[in-house]
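J.: Sending over my_file_35.pdb (PDB, C-alpha atoms, pLDDT in the B column).
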MODEL        1
ATOM      1  CA  MET K 652     -28.597  49.105 211.354  1.00 41.00           C
ATOM      2  CA  ASP K 653     -31.526  51.067 212.527  1.00 44.00           C
ATOM      3  CA  ARG K 654     -31.709  54.823 212.310  1.00 47.00           C
ATOM      4  CA  SER K 655     -33.490  56.445 215.124  1.00 47.00           C
ATOM      5  CA  PRO K 656     -34.732  60.007 214.636  1.00 44.00           C
ATOM      6  CA  PRO K 657     -32.821  62.679 216.526  1.00 44.00           C
ATOM      7  CA  PRO K 658     -34.405  63.539 219.831  1.00 47.00           C
ATOM      8  CA  GLN K 659     -36.713  66.516 219.435  1.00 46.00           C
ATOM      9  CA  ASP K 660     -35.678  68.122 222.687  1.00 47.00           C
ATOM     10  CA  SER K 661     -31.975  67.830 221.967  1.00 48.00           C
ATOM     11  CA  PRO K 662     -30.211  71.211 222.120  1.00 49.00           C
ATOM     12  CA  THR K 663     -28.381  70.372 218.877  1.00 51.00           C
ATOM     13  CA  ALA K 664     -31.568  69.567 216.929  1.00 56.00           C
ATOM     14  CA  ALA K 665     -32.326  71.977 214.101  1.00 59.00           C
ATOM     15  CA  PRO K 666     -35.270  74.266 214.820  1.00 65.00           C
ATOM     16  CA  ASP K 667     -38.554  73.265 213.231  1.00 77.00           C
ATOM     17  CA  TYR K 668     -38.942  75.776 210.413  1.00 81.00           C
ATOM     18  CA  PRO K 669     -42.537  76.607 209.490  1.00 83.00           C
ATOM     19  CA  ARG K 670     -43.600  76.522 205.856  1.00 86.00           C
ATOM     20  CA  ARG K 671     -43.354  79.722 203.889  1.00 89.00           C
ATOM     21  CA  PRO K 672     -46.661  81.589 203.907  1.00 92.00           C
ATOM     22  CA  ARG K 673     -48.527  81.494 200.600  1.00 93.00           C
ATOM     23  CA  TRP K 674     -48.289  85.261 200.144  1.00 93.00           C
ATOM     24  CA  VAL K 675     -44.492  84.993 200.272  1.00 94.00           C
ATOM     25  CA  VAL K 676     -44.441  82.308 197.564  1.00 94.00           C
ATOM     26  CA  VAL K 677     -46.720  84.392 195.339  1.00 94.00           C
ATOM     27  CA  ALA K 678     -44.707  87.571 195.961  1.00 93.00           C
ATOM     28  CA  VAL K 679     -41.396  85.833 195.192  1.00 94.00           C
ATOM     29  CA  ALA K 680     -42.830  84.452 191.925  1.00 96.00           C
ATOM     30  CA  ILE K 681     -44.151  87.857 190.841  1.00 94.00           C
ATOM     31  CA  GLY K 682     -40.928  89.585 191.896  1.00 93.00           C
ATOM     32  CA  ALA K 683     -38.774  87.101 189.988  1.00 95.00           C
ATOM     33  CA  VAL K 684     -40.827  87.586 186.811  1.00 95.00           C
ATOM     34  CA  VAL K 685     -40.610  91.391 187.120  1.00 92.00           C
ATOM     35  CA  VAL K 686     -36.867  91.426 187.815  1.00 92.00           C
ATOM     36  CA  ILE K 687     -36.089  88.990 184.993  1.00 94.00           C
ATOM     37  CA  GLY K 688     -38.259  91.064 182.636  1.00 91.00           C
ATOM     38  CA  VAL K 689     -36.454  94.279 183.590  1.00 89.00           C
ATOM     39  CA  VAL K 690     -33.026  92.664 183.183  1.00 89.00           C
ATOM     40  CA  ILE K 691     -33.961  91.262 179.753  1.00 91.00           C
ATOM     41  CA  LEU K 692     -35.290  94.675 178.654  1.00 86.00           C
ATOM     42  CA  LEU K 693     -32.143  96.437 179.823  1.00 85.00           C
ATOM     43  CA  LEU K 694     -29.741  93.907 178.321  1.00 87.00           C
ATOM     44  CA  SER K 695     -31.559  93.679 175.007  1.00 85.00           C
ATOM     45  CA  GLY K 696     -31.298  97.433 174.516  1.00 75.00           C
ATOM     46  CA  GLY K 697     -34.990  97.583 173.726  1.00 67.00           C
ATOM     47  CA  HIS K 698     -35.627  99.973 176.558  1.00 71.00           C
ATOM     48  CA  GLY K 699     -34.454 103.474 177.163  1.00 69.00           C
ATOM     49  CA  PRO K 700     -34.954 107.123 176.364  1.00 66.00           C
ATOM     50  CA  GLY K 701     -36.973 107.805 173.244  1.00 56.00           C
ATOM     51  CA  ARG K 702     -37.831 104.166 172.552  1.00 57.00           C
ATOM     52  CA  HIS K 703     -41.549 104.770 172.914  1.00 51.00           C
ATOM     53  CA  SER K 704     -41.716 108.024 171.011  1.00 50.00           C
ATOM     54  CA  GLY K 705     -39.988 106.754 167.909  1.00 46.00           C
ATOM     55  CA  GLU K 706     -37.345 109.409 168.367  1.00 48.00           C
ATOM     56  CA  GLY K 707     -34.417 107.061 168.415  1.00 43.00           C
ATOM     57  CA  SER K 708     -31.753 109.468 167.273  1.00 41.00           C
ATOM     58  CA  THR K 709     -32.465 112.246 169.711  1.00 43.00           C
ATOM     59  CA  SER K 710     -29.751 111.277 172.133  1.00 40.00           C
ATOM     60  CA  SER K 711     -27.385 113.486 170.191  1.00 38.00           C
ATOM     61  CA  HIS K 712     -29.450 116.491 171.186  1.00 38.00           C
ATOM     62  CA  SER K 713     -27.680 118.661 173.656  1.00 38.00           C
ATOM     63  CA  ALA K 714     -29.741 120.969 175.749  1.00 38.00           C
ATOM     64  CA  PRO K 715     -28.953 124.604 175.090  1.00 37.00           C
ATOM     65  CA  SER K 716     -27.649 126.207 178.210  1.00 37.00           C
ATOM     66  CA  HIS K 717     -29.650 129.006 179.728  1.00 38.00           C
ATOM     67  CA  GLY K 718     -26.990 131.503 178.665  1.00 37.00           C
ATOM     68  CA  ASP K 719     -27.220 130.608 174.999  1.00 38.00           C
ATOM     69  CA  PRO K 720     -28.797 133.185 172.722  1.00 38.00           C
TER      70      PRO K 720
ATOM     71  CA  MET L1488     -29.804  95.954 219.425  1.00 67.00           C
ATOM     72  CA  THR L1489     -32.902  97.820 220.526  1.00 80.00           C
ATOM     73  CA  ALA L1490     -32.783 101.568 220.972  1.00 83.00           C
ATOM     74  CA  SER L1491     -34.758 103.536 223.512  1.00 90.00           C
ATOM     75  CA  LEU L1492     -38.402 104.287 222.842  1.00 90.00           C
ATOM     76  CA  ARG L1493     -37.665 107.950 222.140  1.00 93.00           C
ATOM     77  CA  VAL L1494     -35.057 107.081 219.493  1.00 94.00           C
ATOM     78  CA  ARG L1495     -37.318 104.454 217.918  1.00 94.00           C
ATOM     79  CA  ARG L1496     -40.196 106.911 217.630  1.00 94.00           C
ATOM     80  CA  LEU L1497     -37.908 109.549 216.152  1.00 95.00           C
ATOM     81  CA  GLY L1498     -36.633 107.015 213.626  1.00 95.00           C
ATOM     82  CA  LEU L1499     -40.169 105.942 212.781  1.00 95.00           C
ATOM     83  CA  THR L1500     -41.174 109.584 212.277  1.00 96.00           C
ATOM     84  CA  PHE L1501     -38.357 110.108 209.763  1.00 96.00           C
ATOM     85  CA  HIS L1502     -39.169 106.840 208.008  1.00 96.00           C
ATOM     86  CA  VAL L1503     -42.879 107.644 207.655  1.00 96.00           C
ATOM     87  CA  LEU L1504     -42.112 111.204 206.539  1.00 97.00           C
ATOM     88  CA  SER L1505     -39.677 110.105 203.845  1.00 97.00           C
ATOM     89  CA  SER L1506     -41.852 107.205 202.660  1.00 96.00           C
ATOM     90  CA  VAL L1507     -45.060 109.235 202.503  1.00 95.00           C
ATOM     91  CA  GLY L1508     -43.124 112.060 200.854  1.00 96.00           C
ATOM     92  CA  TRP L1509     -41.794 109.655 198.219  1.00 97.00           C
ATOM     93  CA  LEU L1510     -45.285 108.321 197.553  1.00 96.00           C
ATOM     94  CA  GLY L1511     -46.601 111.874 197.206  1.00 96.00           C
ATOM     95  CA  GLY L1512     -43.740 112.735 194.868  1.00 96.00           C
ATOM     96  CA  VAL L1513     -44.595 109.776 192.657  1.00 97.00           C
ATOM     97  CA  GLY L1514     -48.202 111.024 192.560  1.00 97.00           C
ATOM     98  CA  LEU L1515     -46.921 114.417 191.437  1.00 96.00           C
ATOM     99  CA  ALA L1516     -44.717 112.749 188.808  1.00 97.00           C
ATOM    100  CA  LEU L1517     -47.749 110.839 187.547  1.00 97.00           C
ATOM    101  CA  ALA L1518     -49.688 114.100 187.179  1.00 97.00           C
ATOM    102  CA  LEU L1519     -46.790 115.758 185.321  1.00 97.00           C
ATOM    103  CA  ALA L1520     -46.303 112.727 183.068  1.00 97.00           C
ATOM    104  CA  ALA L1521     -50.022 112.653 182.237  1.00 97.00           C
ATOM    105  CA  THR L1522     -49.935 116.380 181.501  1.00 96.00           C
ATOM    106  CA  ALA L1523     -46.929 115.954 179.208  1.00 95.00           C
ATOM    107  CA  LEU L1524     -48.688 113.143 177.361  1.00 95.00           C
ATOM    108  CA  LEU L1525     -52.176 114.579 177.083  1.00 94.00           C
ATOM    109  CA  SER L1526     -51.931 118.358 177.028  1.00 94.00           C
ATOM    110  CA  ASP L1527     -52.602 120.161 173.751  1.00 91.00           C
ATOM    111  CA  ASP L1528     -50.519 123.166 174.725  1.00 93.00           C
ATOM    112  CA  GLU L1529     -46.896 122.834 173.595  1.00 92.00           C
ATOM    113  CA  SER L1530     -45.404 125.051 176.299  1.00 94.00           C
ATOM    114  CA  THR L1531     -47.281 123.071 178.954  1.00 95.00           C
ATOM    115  CA  VAL L1532     -45.882 119.787 177.584  1.00 95.00           C
ATOM    116  CA  ARG L1533     -42.338 121.175 177.605  1.00 95.00           C
ATOM    117  CA  SER L1534     -42.712 122.643 181.099  1.00 96.00           C
ATOM    118  CA  ALA L1535     -44.106 119.376 182.475  1.00 96.00           C
ATOM    119  CA  LEU L1536     -41.140 117.372 181.153  1.00 96.00           C
ATOM    120  CA  ILE L1537     -38.611 119.860 182.556  1.00 96.00           C
ATOM    121  CA  ALA L1538     -40.421 119.854 185.916  1.00 97.00           C
ATOM    122  CA  LEU L1539     -40.450 116.049 185.878  1.00 96.00           C
ATOM    123  CA  ASP L1540     -36.674 115.952 185.530  1.00 96.00           C
ATOM    124  CA  ALA L1541     -36.158 118.545 188.267  1.00 96.00           C
ATOM    125  CA  SER L1542     -38.526 116.790 190.677  1.00 96.00           C
ATOM    126  CA  GLY L1543     -36.677 113.529 190.045  1.00 95.00           C
ATOM    127  CA  TRP L1544     -33.288 114.916 191.008  1.00 95.00           C
ATOM    128  CA  TRP L1545     -34.361 117.226 193.810  1.00 95.00           C
ATOM    129  CA  TYR L1546     -37.258 115.349 195.372  1.00 96.00           C
ATOM    130  CA  LEU L1547     -37.859 111.750 194.279  1.00 97.00           C
ATOM    131  CA  LEU L1548     -34.291 110.479 194.373  1.00 96.00           C
ATOM    132  CA  PRO L1549     -33.335 111.996 197.787  1.00 97.00           C
ATOM    133  CA  LEU L1550     -36.568 110.758 199.337  1.00 97.00           C
ATOM    134  CA  SER L1551     -36.163 107.267 197.911  1.00 97.00           C
ATOM    135  CA  VAL L1552     -32.693 107.036 199.476  1.00 97.00           C
ATOM    136  CA  ALA L1553     -34.020 108.495 202.746  1.00 97.00           C
ATOM    137  CA  SER L1554     -36.922 106.041 202.847  1.00 97.00           C
ATOM    138  CA  LEU L1555     -34.625 103.095 202.187  1.00 97.00           C
ATOM    139  CA  GLY L1556     -32.030 104.256 204.718  1.00 97.00           C
ATOM    140  CA  THR L1557     -34.441 105.096 207.506  1.00 97.00           C
ATOM    141  CA  GLY L1558     -36.287 101.813 206.931  1.00 96.00           C
ATOM    142  CA  ILE L1559     -33.084  99.806 207.331  1.00 96.00           C
ATOM    143  CA  VAL L1560     -32.068 101.759 210.435  1.00 95.00           C
ATOM    144  CA  GLN L1561     -35.567 101.472 211.906  1.00 94.00           C
ATOM    145  CA  SER L1562     -35.593  97.694 211.494  1.00 94.00           C
ATOM    146  CA  LEU L1563     -32.171  97.377 213.098  1.00 93.00           C
ATOM    147  CA  ILE L1564     -32.909  99.507 216.180  1.00 93.00           C
ATOM    148  CA  THR L1565     -36.197  97.737 216.957  1.00 92.00           C
ATOM    149  CA  ARG L1566     -37.034  94.136 217.808  1.00 89.00           C
ATOM    150  CA  TRP L1567     -38.319  93.539 214.293  1.00 92.00           C
ATOM    151  CA  GLY L1568     -34.866  93.070 212.763  1.00 93.00           C
ATOM    152  CA  LEU L1569     -34.035  93.496 209.080  1.00 94.00           C
ATOM    153  CA  LEU L1570     -34.270  89.874 207.922  1.00 94.00           C
ATOM    154  CA  ASN L1571     -36.473  88.198 210.538  1.00 94.00           C
ATOM    155  CA  HIS L1572     -39.922  88.813 209.072  1.00 95.00           C
ATOM    156  CA  TYR L1573     -40.962  88.202 205.477  1.00 95.00           C
ATOM    157  CA  TRP L1574     -42.951  91.420 205.263  1.00 95.00           C
ATOM    158  CA  ILE L1575     -39.891  93.482 206.177  1.00 96.00           C
ATOM    159  CA  VAL L1576     -37.734  91.620 203.656  1.00 96.00           C
ATOM    160  CA  ALA L1577     -40.443  92.224 201.034  1.00 96.00           C
ATOM    161  CA  LYS L1578     -40.549  95.951 201.856  1.00 96.00           C
ATOM    162  CA  LEU L1579     -36.766  96.144 201.664  1.00 96.00           C
ATOM    163  CA  ALA L1580     -36.801  94.442 198.251  1.00 95.00           C
ATOM    164  CA  ILE L1581     -39.587  96.725 196.949  1.00 96.00           C
ATOM    165  CA  ASN L1582     -37.886  99.915 198.161  1.00 96.00           C
ATOM    166  CA  ALA L1583     -34.463  98.890 196.861  1.00 96.00           C
ATOM    167  CA  PHE L1584     -35.918  97.852 193.484  1.00 95.00           C
ATOM    168  CA  ALA L1585     -37.908 101.077 193.132  1.00 96.00           C
ATOM    169  CA  ALA L1586     -34.895 103.210 194.102  1.00 96.00           C
ATOM    170  CA  VAL L1587     -32.625 101.446 191.583  1.00 94.00           C
ATOM    171  CA  ILE L1588     -35.198 101.746 188.783  1.00 93.00           C
ATOM    172  CA  LEU L1589     -35.649 105.431 189.622  1.00 95.00           C
ATOM    173  CA  LEU L1590     -31.892 105.975 189.516  1.00 94.00           C
ATOM    174  CA  LEU L1591     -31.687 104.250 186.121  1.00 91.00           C
ATOM    175  CA  TYR L1592     -34.703 106.173 184.850  1.00 93.00           C
ATOM    176  CA  MET L1593     -33.143 109.540 185.708  1.00 94.00           C
ATOM    177  CA  GLN L1594     -31.198 109.209 182.451  1.00 92.00           C
ATOM    178  CA  SER L1595     -34.478 109.018 180.558  1.00 92.00           C
ATOM    179  CA  LEU L1596     -35.937 111.985 182.445  1.00 95.00           C
ATOM    180  CA  ALA L1597     -32.834 114.034 181.605  1.00 95.00           C
ATOM    181  CA  HIS L1598     -33.303 113.020 177.966  1.00 93.00           C
ATOM    182  CA  TYR L1599     -36.947 114.157 177.923  1.00 94.00           C
ATOM    183  CA  ALA L1600     -36.034 117.454 179.619  1.00 95.00           C
ATOM    184  CA  SER L1601     -33.273 117.974 177.062  1.00 94.00           C
ATOM    185  CA  LEU L1602     -35.770 117.377 174.257  1.00 93.00           C
ATOM    186  CA  ALA L1603     -38.240 119.754 175.874  1.00 94.00           C
ATOM    187  CA  ARG L1604     -35.640 122.532 175.935  1.00 93.00           C
ATOM    188  CA  SER L1605     -34.637 121.886 172.347  1.00 90.00           C
ATOM    189  CA  THR L1606     -36.324 124.120 169.804  1.00 86.00           C
ATOM    190  CA  THR L1607     -35.881 121.536 167.049  1.00 88.00           C
ATOM    191  CA  ALA L1608     -38.008 118.874 168.751  1.00 86.00           C
ATOM    192  CA  SER L1609     -41.684 119.047 167.878  1.00 87.00           C
ATOM    193  CA  VAL L1610     -44.424 118.445 170.415  1.00 86.00           C
ATOM    194  CA  ASP L1611     -45.051 115.024 168.858  1.00 85.00           C
ATOM    195  CA  ASP L1612     -41.447 114.072 169.638  1.00 85.00           C
ATOM    196  CA  LEU L1613     -42.102 114.961 173.269  1.00 90.00           C
ATOM    197  CA  ARG L1614     -45.170 112.783 173.691  1.00 91.00           C
ATOM    198  CA  ASP L1615     -44.086 109.495 175.192  1.00 91.00           C
ATOM    199  CA  PRO L1616     -46.081 107.202 177.496  1.00 93.00           C
ATOM    200  CA  SER L1617     -42.912 105.975 179.197  1.00 93.00           C
ATOM    201  CA  PRO L1618     -42.907 108.469 182.141  1.00 95.00           C
ATOM    202  CA  LEU L1619     -46.584 107.761 182.795  1.00 96.00           C
ATOM    203  CA  ILE L1620     -46.050 103.980 182.680  1.00 95.00           C
ATOM    204  CA  HIS L1621     -43.086 104.201 185.049  1.00 95.00           C
ATOM    205  CA  SER L1622     -45.012 106.493 187.423  1.00 96.00           C
ATOM    206  CA  ILE L1623     -47.922 104.044 187.574  1.00 97.00           C
ATOM    207  CA  GLY L1624     -45.503 101.172 188.240  1.00 95.00           C
ATOM    208  CA  ALA L1625     -43.781 103.133 191.013  1.00 96.00           C
ATOM    209  CA  LEU L1626     -47.126 104.047 192.554  1.00 96.00           C
ATOM    210  CA  ALA L1627     -48.174 100.378 192.573  1.00 95.00           C
ATOM    211  CA  LEU L1628     -44.879  99.327 194.190  1.00 95.00           C
ATOM    212  CA  LEU L1629     -45.040 101.976 196.903  1.00 96.00           C
ATOM    213  CA  ALA L1630     -48.713 101.289 197.563  1.00 96.00           C
ATOM    214  CA  GLY L1631     -47.765  97.634 198.060  1.00 95.00           C
ATOM    215  CA  ALA L1632     -44.994  98.613 200.490  1.00 95.00           C
ATOM    216  CA  THR L1633     -47.429 100.822 202.403  1.00 95.00           C
ATOM    217  CA  ALA L1634     -49.959  97.992 202.631  1.00 95.00           C
ATOM    218  CA  LEU L1635     -47.241  95.661 203.964  1.00 95.00           C
ATOM    219  CA  SER L1636     -46.417  98.201 206.683  1.00 94.00           C
ATOM    220  CA  ILE L1637     -50.027  98.384 207.776  1.00 95.00           C
ATOM    221  CA  TYR L1638     -51.076  94.724 207.551  1.00 95.00           C
ATOM    222  CA  LYS L1639     -47.715  93.238 208.626  1.00 95.00           C
ATOM    223  CA  PRO L1640     -48.612  89.758 207.327  1.00 94.00           C
ATOM    224  CA  ALA L1641     -47.339  86.950 209.532  1.00 91.00           C
ATOM    225  CA  GLY L1642     -44.353  84.830 208.629  1.00 91.00           C
ATOM    226  CA  LEU L1643     -40.903  84.395 210.110  1.00 93.00           C
ATOM    227  CA  THR L1644     -37.856  83.776 207.969  1.00 93.00           C
ATOM    228  CA  ARG L1645     -35.460  80.975 208.963  1.00 92.00           C
ATOM    229  CA  ARG L1646     -33.259  83.611 210.501  1.00 92.00           C
ATOM    230  CA  GLY L1647     -36.279  84.914 212.411  1.00 92.00           C
ATOM    231  CA  VAL L1648     -37.135  81.416 213.654  1.00 91.00           C
ATOM    232  CA  ARG L1649     -33.597  80.949 214.946  1.00 90.00           C
ATOM    233  CA  ALA L1650     -33.631  84.380 216.589  1.00 88.00           C
ATOM    234  CA  ARG L1651     -36.987  83.611 218.212  1.00 86.00           C
ATOM    235  CA  ALA L1652     -35.635  80.294 219.491  1.00 85.00           C
ATOM    236  CA  ARG L1653     -32.682  82.064 221.081  1.00 83.00           C
ATOM    237  CA  THR L1654     -34.681  84.847 222.694  1.00 77.00           C
ATOM    238  CA  PRO L1655     -38.328  83.891 222.965  1.00 64.00           C
ATOM    239  CA  GLY L1656     -40.514  86.939 223.195  1.00 54.00           C
ATOM    240  CA  PRO L1657     -43.775  88.382 221.963  1.00 49.00           C
ATOM    241  CA  THR L1658     -44.820  87.317 218.476  1.00 51.00           C
ATOM    242  CA  SER L1659     -45.511  90.863 217.426  1.00 54.00           C
ATOM    243  CA  PRO L1660     -43.050  93.478 218.566  1.00 55.00           C
ATOM    244  CA  THR L1661     -44.431  96.906 219.175  1.00 52.00           C
ATOM    245  CA  ASP L1662     -44.722  99.099 216.113  1.00 51.00           C
ATOM    246  CA  THR L1663     -41.925 101.349 217.144  1.00 54.00           C
TER     247      THR L1663
ENDMDL
END
Show the structure stored in the file as structure tokens.

T.:
Amino acid sequence: MDRSPPPQDSPTAAPDYPRRPRWVVVAVAIGAVVVIGVVILLLSGGHGPGRHSGEGSTSSHSAPSHGDP
Amino acid sequence: MTASLRVRRLGLTFHVLSSVGWLGGVGLALALAATALLSDDESTVRSALIALDASGWWYLLPLSVASLGTGIVQSLITRWGLLNHYWIVAKLAINAFAAVILLLYMQSLAHYASLARSTTASVDDLRDPSPLIHSIGALALLAGATALSIYKPAGLTRRGVRARARTPGPTSPTDT
């Protein structure tokens, strides 16, 4: 039972895909880290308005409208 | 589907205008964020935060959508294709990511503008490095997308390889 490789010039042969360029591999790795980091920050609730200023309870502030005295 | 040269150039003009405009807007946002963080004058800090919110809604967000939309259209009406080259896929991912983050961050900008209008918030409450950090991140992303457009690093996706096998043509389509 010998297995011969598919003929290279056969019309049904899969195209010969080149390897991914190195810059693509690096970019995908960096992108995955960034996206996962953003998702974790958003889901953990540790990111949002006022988190950096220490003003955590300011979301209840309502902006006075321009017509207010 | 490849459009005529006139249409492709018109599309490219809109794409470059919106992308460069977005980049410039992020530069302006960076300047406003730095002013809000570093200025000693309270009214200047408040004005910068209000201007940051307004520029987000009226300039940054529309241009980010325009840049993304014109980029997709431009890739589809030229021989480049949307998913055939890695550098175009990378630009699409960068633009989409930056636009989504900007949309999410508009809530924060509205919060800072609300604080800036509030008479009860002190100037120390208004100082926050977050807008500056996000502006620097956006600038880095858009600079990367611009570099990709100029260098066009080689590399076909699997879809691109199959498309090339079906219709062999020049390795580098014209810019338009």

J.: Could you list, with a cut-off of 6 Å and counting all atoms listed in the file, the residues of chain L near chain K, each shown with its nearest atom pair and the distance in Å rounded to one decimal, rows sorted by chain and ascending number, as JSON lines?

T.:
{"residue": "L:Ser1595", "atom": "CA", "partner": "K:Pro700", "partner_atom": "CA", "distance": 4.6}
{"residue": "L:Ser1601", "atom": "CA", "partner": "K:Ala714", "partner_atom": "CA", "distance": 4.8}
{"residue": "L:Asp1615", "atom": "CA", "partner": "K:Ser704", "partner_atom": "CA", "distance": 5.0}

J.: Applying the PyMOL selection byres ((chain L and resi 1643-1648) around 7) to the file I just gave you, which residues come out? Please list them as a list in words.

T.: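 Expected selection for the PyMOL selection byres ((chain L and resi 1643-1648) around 7) here is Tyr668 of chain K; Leu1570, Asn1571, His1572, Tyr1573, Ala1641, Gly1642, Arg1649, Ala1650, Arg1651 and Ala1652 of chain L.
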
J.: Could the residues in this selection be written to a file with C-alpha atoms, as a tab-separated table (two decimals), in the coordinates of the input?

T.:
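Saved the output as selection-v1.tsv:
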chain	number	residue	atom	x	y	z
K	668	TYR	CA	-38.94	75.78	210.41
L	1570	LEU	CA	-34.27	89.87	207.92
L	1571	ASN	CA	-36.47	88.20	210.54
L	1572	HIS	CA	-39.92	88.81	209.07
L	1573	TYR	CA	-40.96	88.20	205.48
L	1641	ALA	CA	-47.34	86.95	209.53
L	1642	GLY	CA	-44.35	84.83	208.63
L	1649	ARG	CA	-33.60	80.95	214.95
L	1650	ALA	CA	-33.63	84.38	216.59
L	1651	ARG	CA	-36.99	83.61	218.21
L	1652	ALA	CA	-35.64	80.29	219.49

J.: Given the file shown, determine the residues that the PyMOL selection byres ((chain L and resi 1528-1544) around 7) selects; report them as a ChimeraX atom specification.

T.: /L:1516,1519,1522-1523,1526-1527,1545-1548,1593,1596-1597,1599-1600,1603,1610

J.: Write a file of the selected residues as a CSV table (one decimal), in the coordinates of the input, keeping C-alpha atoms.

T.:
chain,number,residue,atom,x,y,z
L,1516,ALA,CA,-44.7,112.7,188.8
L,1519,LEU,CA,-46.8,115.8,185.3
L,1522,THR,CA,-49.9,116.4,181.5
L,1523,ALA,CA,-46.9,116.0,179.2
L,1526,SER,CA,-51.9,118.4,177.0
L,1527,ASP,CA,-52.6,120.2,173.8
L,1545,TRP,CA,-34.4,117.2,193.8
L,1546,TYR,CA,-37.3,115.3,195.4
L,1547,LEU,CA,-37.9,111.8,194.3
L,1548,LEU,CA,-34.3,110.5,194.4
L,1593,MET,CA,-33.1,109.5,185.7
L,1596,LEU,CA,-35.9,112.0,182.4
L,1597,ALA,CA,-32.8,114.0,181.6
L,1599,TYR,CA,-36.9,114.2,177.9
L,1600,ALA,CA,-36.0,117.5,179.6
L,1603,ALA,CA,-38.2,119.8,175.9
L,1610,VAL,CA,-44.4,118.4,170.4

J.: To one decimal place in Å, what is the distance between CA of Trp1509 in chain L and CA of Leu1629 in chain L?

T.: 8.4 Å

J.: By how many Å are CA of Leu1524 in chain L and CA of Ile691 in chain K apart?

T.: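 Distance between the two atoms: 26.5 Å.
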
J.: In terms of the shortest atom-to-atom distance over only C-alpha atoms, which of L:Ser1636, L:Thr1489, L:Thr1557, L:Thr1654 is closest to His1502 in chain L?

T.: L:Thr1557

J.: Quick check on the file I pasted: which residues fall under the PyMOL selection byres ((chain L and resi 1583) around 12)? Write them as a ChimeraX atom specification.

T.: /K:686 /L:1548,1551-1556,1558-1559,1576-1582,1584-1590,1625,1628-1629,1632

J.: Quick check, in Å to one decimal: how far apart do CA of Leu1517 in chain L and CA of Tyr1592 in chain L lie?

T.: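 Atom-to-atom, CA of Leu1517 in chain L to CA of Tyr1592 in chain L, that is 14.1 Å.
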
J.: Please provide the set of residues having any atom within 7 Å of Leu1510 in chain L, restricted to all atoms listed in the file, with same-chain residues fewer than 3 positions apart removed, written as a list in words.

T.: Ser1506, Val1507, Val1513, Gly1514, Leu1626 and Leu1629 of chain L

J.: Write a file of the just-selected residues containing C-alpha atoms, as a PDB file, keeping the file's coordinate frame.

T.:
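As written to disk, result-v4.pdb reads:
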ATOM      1  CA  SER L1506     -41.852 107.205 202.660  1.00 96.00           C
ATOM      2  CA  VAL L1507     -45.060 109.235 202.503  1.00 95.00           C
ATOM      3  CA  VAL L1513     -44.595 109.776 192.657  1.00 97.00           C
ATOM      4  CA  GLY L1514     -48.202 111.024 192.560  1.00 97.00           C
ATOM      5  CA  LEU L1626     -47.126 104.047 192.554  1.00 96.00           C
ATOM      6  CA  LEU L1629     -45.040 101.976 196.903  1.00 96.00           C
TER       7      LEU L1629
END

J.: Measuring atom to atom with all atoms listed in the file, identify which of L:Ile1637, L:Phe1501, L:Leu1591, L:Leu1563 is nearest to Leu693 in chain K.

T.: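 Of all the options, L:Leu1591 lies closest to Leu693 in chain K.
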
J.: Around all the atoms of range 1540-1545 of chain L listed in the file, with 6 Å of room on each side, what axis-aligned box do you get, giving centre and edge lengths in Å to one decimal, as lines of an AutoDock Vina configuration file?

T.:
center_x = -35.9
center_y = 116.0
center_z = 189.7
size_x = 17.2
size_y = 17.0
size_z = 20.3

J.: Using the atoms already present, construct N, CA, C and O atoms for range 679-686 of chain K and hand them back as a PDB file, in the coordinates of the input.

T.:
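Wrote it out as out_24.pdb, contents follow:
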ATOM      1  N   VAL K 679     -42.710  86.188 195.759  1.00 94.00           N
ATOM      2  CA  VAL K 679     -41.396  85.833 195.192  1.00 94.00           C
ATOM      3  C   VAL K 679     -41.541  85.516 193.698  1.00 94.00           C
ATOM      4  O   VAL K 679     -40.720  85.938 192.875  1.00 94.00           O
ATOM      5  N   ALA K 680     -42.619  84.796 193.343  1.00 96.00           N
ATOM      6  CA  ALA K 680     -42.830  84.452 191.925  1.00 96.00           C
ATOM      7  C   ALA K 680     -43.042  85.714 191.088  1.00 96.00           C
ATOM      8  O   ALA K 680     -42.418  85.887 190.026  1.00 96.00           O
ATOM      9  N   ILE K 681     -43.890  86.613 191.580  1.00 94.00           N
ATOM     10  CA  ILE K 681     -44.151  87.857 190.841  1.00 94.00           C
ATOM     11  C   ILE K 681     -42.874  88.693 190.747  1.00 94.00           C
ATOM     12  O   ILE K 681     -42.524  89.210 189.687  1.00 94.00           O
ATOM     13  N   GLY K 682     -42.163  88.803 191.873  1.00 93.00           N
ATOM     14  CA  GLY K 682     -40.928  89.585 191.896  1.00 93.00           C
ATOM     15  C   GLY K 682     -39.886  89.038 190.934  1.00 93.00           C
ATOM     16  O   GLY K 682     -39.218  89.804 190.234  1.00 93.00           O
ATOM     17  N   ALA K 683     -39.757  87.710 190.889  1.00 95.00           N
ATOM     18  CA  ALA K 683     -38.774  87.101 189.988  1.00 95.00           C
ATOM     19  C   ALA K 683     -39.119  87.403 188.534  1.00 95.00           C
ATOM     20  O   ALA K 683     -38.229  87.743 187.734  1.00 95.00           O
ATOM     21  N   VAL K 684     -40.405  87.299 188.191  1.00 95.00           N
ATOM     22  CA  VAL K 684     -40.827  87.586 186.811  1.00 95.00           C
ATOM     23  C   VAL K 684     -40.518  89.049 186.452  1.00 95.00           C
ATOM     24  O   VAL K 684     -39.975  89.348 185.380  1.00 95.00           O
ATOM     25  N   VAL K 685     -40.837  89.962 187.381  1.00 92.00           N
ATOM     26  CA  VAL K 685     -40.610  91.391 187.120  1.00 92.00           C
ATOM     27  C   VAL K 685     -39.111  91.678 186.956  1.00 92.00           C
ATOM     28  O   VAL K 685     -38.696  92.354 186.001  1.00 92.00           O
ATOM     29  N   VAL K 686     -38.313  91.156 187.871  1.00 92.00           N
ATOM     30  CA  VAL K 686     -36.867  91.426 187.815  1.00 92.00           C
ATOM     31  C   VAL K 686     -36.252  90.843 186.546  1.00 92.00           C
ATOM     32  O   VAL K 686     -35.459  91.502 185.859  1.00 92.00           O
TER      33      VAL K 686
END
